[in-house]
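> Structure file input_6.txt (compact mmCIF, C-alpha atoms) is given on the next line.
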# COMPACT_ATOMS: atom_id res chain seq x y z
CA MET A 1 -13.09 8.39 -5.17
CA ALA A 2 -14.38 4.95 -4.21
CA SER A 3 -12.86 3.12 -7.18
CA ARG A 4 -9.36 4.39 -6.37
CA ARG A 5 -9.75 3.19 -2.79
CA ARG A 6 -10.95 -0.17 -4.07
CA ALA A 7 -7.88 -0.31 -6.34
CA ARG A 8 -5.68 0.44 -3.32
CA GLU A 9 -7.40 -2.35 -1.39
CA TYR A 10 -6.74 -4.74 -4.27
CA ALA A 11 -3.10 -3.62 -4.41
CA LEU A 12 -2.85 -4.20 -0.65
CA GLN A 13 -4.27 -7.70 -1.04
CA MET A 14 -1.73 -8.47 -3.75
CA LEU A 15 1.09 -7.07 -1.59
CA PHE A 16 -0.08 -9.27 1.27
CA GLN A 17 -0.07 -12.32 -1.01
CA TRP A 18 3.38 -11.38 -2.38
CA ASP A 19 4.80 -10.81 1.12
CA ILE A 20 3.52 -14.14 2.45
CA GLY A 21 4.04 -16.31 -0.63
CA LYS A 22 7.23 -14.77 -2.03
CA ASP A 23 5.91 -15.39 -5.56
CA SER A 24 6.82 -13.17 -8.50
CA PRO A 25 4.65 -10.07 -8.94
CA GLU A 26 3.31 -11.41 -12.24
CA SER A 27 2.31 -14.71 -10.60
CA VAL A 28 0.57 -12.83 -7.81
CA ILE A 29 -1.36 -10.66 -10.28
CA GLU A 30 -2.41 -13.67 -12.33
CA LEU A 31 -3.52 -15.62 -9.27
CA PHE A 32 -5.26 -12.63 -7.66
CA TRP A 33 -7.38 -11.72 -10.67
CA GLY A 34 -7.91 -15.35 -11.65
CA ASN A 35 -9.45 -16.12 -8.26
CA ARG A 36 -11.80 -13.13 -8.18
CA GLN A 37 -15.43 -13.86 -8.85
CA ARG A 38 -16.27 -12.44 -12.21
CA GLY A 39 -19.58 -11.40 -13.64
CA PRO A 40 -20.04 -10.05 -17.13
CA GLU A 41 -17.01 -8.04 -18.23
CA ASN A 42 -17.41 -4.45 -17.14
CA PRO A 43 -15.28 -1.99 -19.15
CA GLU A 44 -15.31 0.36 -16.15
CA ASP A 45 -13.34 -2.22 -14.14
CA GLU A 46 -10.28 -1.99 -16.40
CA PRO A 47 -9.00 1.37 -15.04
CA LEU A 48 -9.45 0.05 -11.50
CA ARG A 49 -7.58 -3.16 -12.31
CA SER A 50 -4.86 -1.26 -14.14
CA PHE A 51 -4.35 1.17 -11.24
CA ALA A 52 -4.26 -1.68 -8.69
CA ASN A 53 -1.70 -3.60 -10.75
CA GLU A 54 0.44 -0.49 -11.22
CA LEU A 55 0.41 0.33 -7.49
CA PHE A 56 1.29 -3.25 -6.63
CA ARG A 57 4.09 -3.67 -9.18
CA GLU A 58 5.71 -0.32 -8.45
CA THR A 59 5.51 -0.79 -4.68
CA VAL A 60 7.25 -4.16 -5.01
CA VAL A 61 10.04 -2.55 -7.08
CA VAL A 62 10.88 -0.10 -4.28
CA ALA A 63 9.91 -2.29 -1.31
CA GLY A 64 13.52 -2.53 -0.11
CA GLU A 65 13.90 1.27 -0.05
CA ILE A 66 10.54 1.61 1.69
CA ASP A 67 11.41 -1.01 4.29
CA VAL A 68 14.52 0.97 5.22
CA LEU A 69 12.32 4.03 5.84
CA ILE A 70 9.85 2.04 7.90
CA ARG A 71 12.70 0.70 10.05
CA GLN A 72 14.07 4.21 10.56
CA HIS A 73 10.70 5.66 11.60
CA ALA A 74 9.20 2.74 13.55
CA GLU A 75 10.78 3.15 16.95
CA HIS A 76 10.86 -0.05 18.97
CA TRP A 77 9.25 -2.05 16.14
CA ARG A 78 10.99 -4.57 13.94
CA LEU A 79 9.55 -4.75 10.44
CA GLU A 80 9.35 -8.52 10.62
CA ARG A 81 7.27 -8.36 13.81
CA MET A 82 4.66 -5.97 12.41
CA PRO A 83 1.36 -7.48 11.36
CA VAL A 84 1.65 -8.33 7.65
CA VAL A 85 -1.37 -6.22 6.73
CA ASP A 86 0.02 -3.16 8.55
CA ARG A 87 3.43 -3.56 6.98
CA ASN A 88 1.87 -3.63 3.52
CA ILE A 89 -0.49 -0.72 4.16
CA LEU A 90 2.63 1.23 5.08
CA ARG A 91 4.53 0.09 2.00
CA LEU A 92 1.69 1.06 -0.31
CA ALA A 93 1.14 4.49 1.25
CA ILE A 94 4.85 5.30 1.44
CA TYR A 95 5.24 4.36 -2.21
CA GLU A 96 2.47 6.80 -3.12
CA ILE A 97 3.84 9.59 -0.91
CA LEU A 98 7.33 9.30 -2.37
CA HIS A 99 6.70 8.30 -5.99
CA ARG A 100 3.19 9.40 -7.04
CA ARG A 101 3.17 13.11 -6.45
CA GLU A 102 -0.17 13.66 -8.21
CA THR A 103 -1.97 12.51 -5.05
CA PRO A 104 -1.46 14.85 -2.06
CA PRO A 105 0.20 13.11 0.90
CA ALA A 106 -2.74 14.00 3.17
CA VAL A 107 -5.07 12.12 0.82
CA VAL A 108 -2.73 9.13 0.68
CA ILE A 109 -2.54 9.01 4.47
CA ASN A 110 -6.31 9.31 4.82
CA GLU A 111 -6.81 6.48 2.33
CA ALA A 112 -4.29 4.33 4.21
CA LEU A 113 -6.11 4.97 7.49
CA GLU A 114 -9.49 4.08 6.00
CA ILE A 115 -8.03 0.86 4.60
CA ALA A 116 -6.42 0.11 7.98
CA ARG A 117 -9.80 0.58 9.67
CA LYS A 118 -11.22 -2.01 7.30
CA PHE A 119 -8.40 -4.58 7.44
CA SER A 120 -6.70 -3.99 10.81
CA ASP A 121 -7.55 -2.57 14.24
CA GLU A 122 -7.65 0.87 15.87
CA GLU A 123 -4.26 0.44 17.53
CA SER A 124 -2.76 -0.21 14.10
CA VAL A 125 -4.57 2.81 12.67
CA ALA A 126 -2.84 5.07 15.22
CA PHE A 127 0.55 3.45 14.57
CA ILE A 128 0.17 3.76 10.78
CA ASN A 129 -0.95 7.38 11.09
CA GLY A 130 2.05 8.35 13.21
CA LEU A 131 4.57 6.57 11.01
CA LEU A 132 3.15 7.93 7.74
CA ASP A 133 3.00 11.45 9.14
CA SER A 134 6.65 11.21 10.17
CA ILE A 135 7.65 10.04 6.69
CA ARG A 136 5.48 12.74 5.06
CA LYS A 137 7.23 15.45 7.09
CA GLU A 138 10.65 14.07 6.19
CA ALA A 139 9.74 13.88 2.49
CA GLU A 140 8.44 17.46 2.53
CA SER A 141 11.60 18.76 4.20
CA VAL A 142 13.77 16.99 1.60
CA GLN A 143 11.68 18.45 -1.26
CA ARG A 144 12.13 22.00 0.07
CA VAL A 145 15.92 21.72 0.01
Rewrite the coordinates I just gave you, this time as structure tokens.

Amino acid sequence: MASRRRAREYALQMLFQWDIGKDSPESVIELFWGNRQRGPENPEDEPLRSFANELFRETVVVAGEIDVLIRQHAEHWRLERMPVVDRNILRLAIYEILHRRETPPAVVINEALEIARKFSDEESVAFINGLLDSIRKEAESVQRV
């Protein structure tokens, strides 16, 4: 669904802004939506905006937990040295895999890869795919126990 991907892209952009600026999530949301070009109010945009805000806020809440997982699964990569966009694509996707079970992990990973193709490069796409697949497998094995 295109609108859910767009919401994920917006959430990624807010995560990027939060990661770089270190502002509060509410400040980031206010600034992000305040700076977007607006036409006439479209009631169909509200679910998209709401989903993007929810993804962003909830990812920020568990970012520390997610960063630990990224460090464990990213061999020979320090989190701080990863491109900011890649780090936040990972955070967003890992949040969804671990905390939003209504979306199948394969769909979450596919969405993350499509977003990486848009905002990053092919080398990053391969890295993100491998890391997310590793975390997906670990999460599935924990759920079976």
> Could you work out an axis-aligned bounding box for all listed atoms of region 115-131 of chain A, with 6 Å added on each of the six sides, and give its centre and edge lengths in Å to one decimal, as lines of an AutoDock Vina configuration file?

center_x = -3.3
center_y = 1.9
center_z = 11.1
size_x = 27.8
size_y = 24.9
size_z = 24.9
> Which residue is closest to Val85 (chain A)? Choose from A:Ile115, A:Ala7, A:Val142, A:Ala63 and count all atoms listed in the file.
A:Ile115
> Could you list, as a list of chain:residue names, every residue within 9 Å of His73 (chain A), counting only C-alpha atoms and ignoring same-chain residues fewer than 3 positions away?
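Residues meeting the cut-off are A:Val68, A:Leu69, A:Ile70, A:Leu131, A:Leu132, A:Ser134, A:Ile135.
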> Using all atoms listed in the file, which of A:Arg81, A:Arg91, A:Arg36, A:Arg8 sits nearest Ala52 (chain A)?
A:Arg8
> Select, from A:Ser27, A:Asn129, A:Ser50, A:Gln17, the residue with the minimum atom-to-atom distance to Ser3 (chain A), counting all atoms listed in the file.
A:Ser50
> Can you work out the spacing between CA of Glu96 (chain A) and CA of Arg117 (chain A) in Å, to one decimal?
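So the two atoms, CA of Glu96 (chain A) and CA of Arg117 (chain A), lie 18.8 Å apart.
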> Compile the contact shell of Asp86 (chain A) as number ranges by chain: residues with an atom at most 8 Å away, counting only C-alpha atoms, same-chain residues fewer than 3 positions apart removed.
A: 82-83, 89-90, 116, 120, 124, 128
> Quick one: everything within 7 Å of Asn88 (chain A), counting only C-alpha atoms, minus sequence neighbours fewer than 6 positions away in the same chain. Send it as an mmCIF file with C-alpha atoms, in the frame of the given file.

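File produced: part-v8.cif:
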data_model
loop_
_atom_site.group_PDB
_atom_site.id
_atom_site.type_symbol
_atom_site.label_atom_id
_atom_site.label_comp_id
_atom_site.auth_asym_id
_atom_site.auth_seq_id
_atom_site.Cartn_x
_atom_site.Cartn_y
_atom_site.Cartn_z
ATOM 1 C CA LEU A 12 -2.850 -4.200 -0.650
ATOM 2 C CA LEU A 15 1.090 -7.070 -1.590
ATOM 3 C CA PHE A 16 -0.080 -9.270 1.270
#
> Could you check how far CA of Leu48 (chain A) sits from CA of Arg4 (chain A), in Å to one decimal?
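For CA of Leu48 (chain A) relative to CA of Arg4 (chain A), the distance reads 6.7 Å.
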> Excluding same-chain residues fewer than 5 positions from His99 (chain A), what lies within 10 Å of it counting all atoms listed in the file, as a count of residues only?
5
> For Asn35 (chain A), which residue among A:Ala74, A:Glu102, A:Pro47, A:Met14 is the nearest when counting all atoms listed in the file?
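Ranked by minimum distance to Asn35 (chain A), first place goes to A:Met14.
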> Between CA of Glu114 (chain A) and CA of Phe51 (chain A), measure the distance and give it in Å to one decimal.
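Computing it gives 18.2 Å between the two atoms.
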> For Glu138 (chain A), which residue among A:Leu113, A:Leu92, A:Val28, A:Leu98 is the nearest when counting only C-alpha atoms?
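Closest to Glu138 (chain A) of all the choices is A:Leu98.
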> With all atoms listed in the file as the atoms that count, which of A:Val107, A:Glu140, A:Gly130, A:Gln13 lies nearest to Phe56 (chain A)?
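Residue with the minimum atom-to-atom distance to Phe56 (chain A): A:Gln13.
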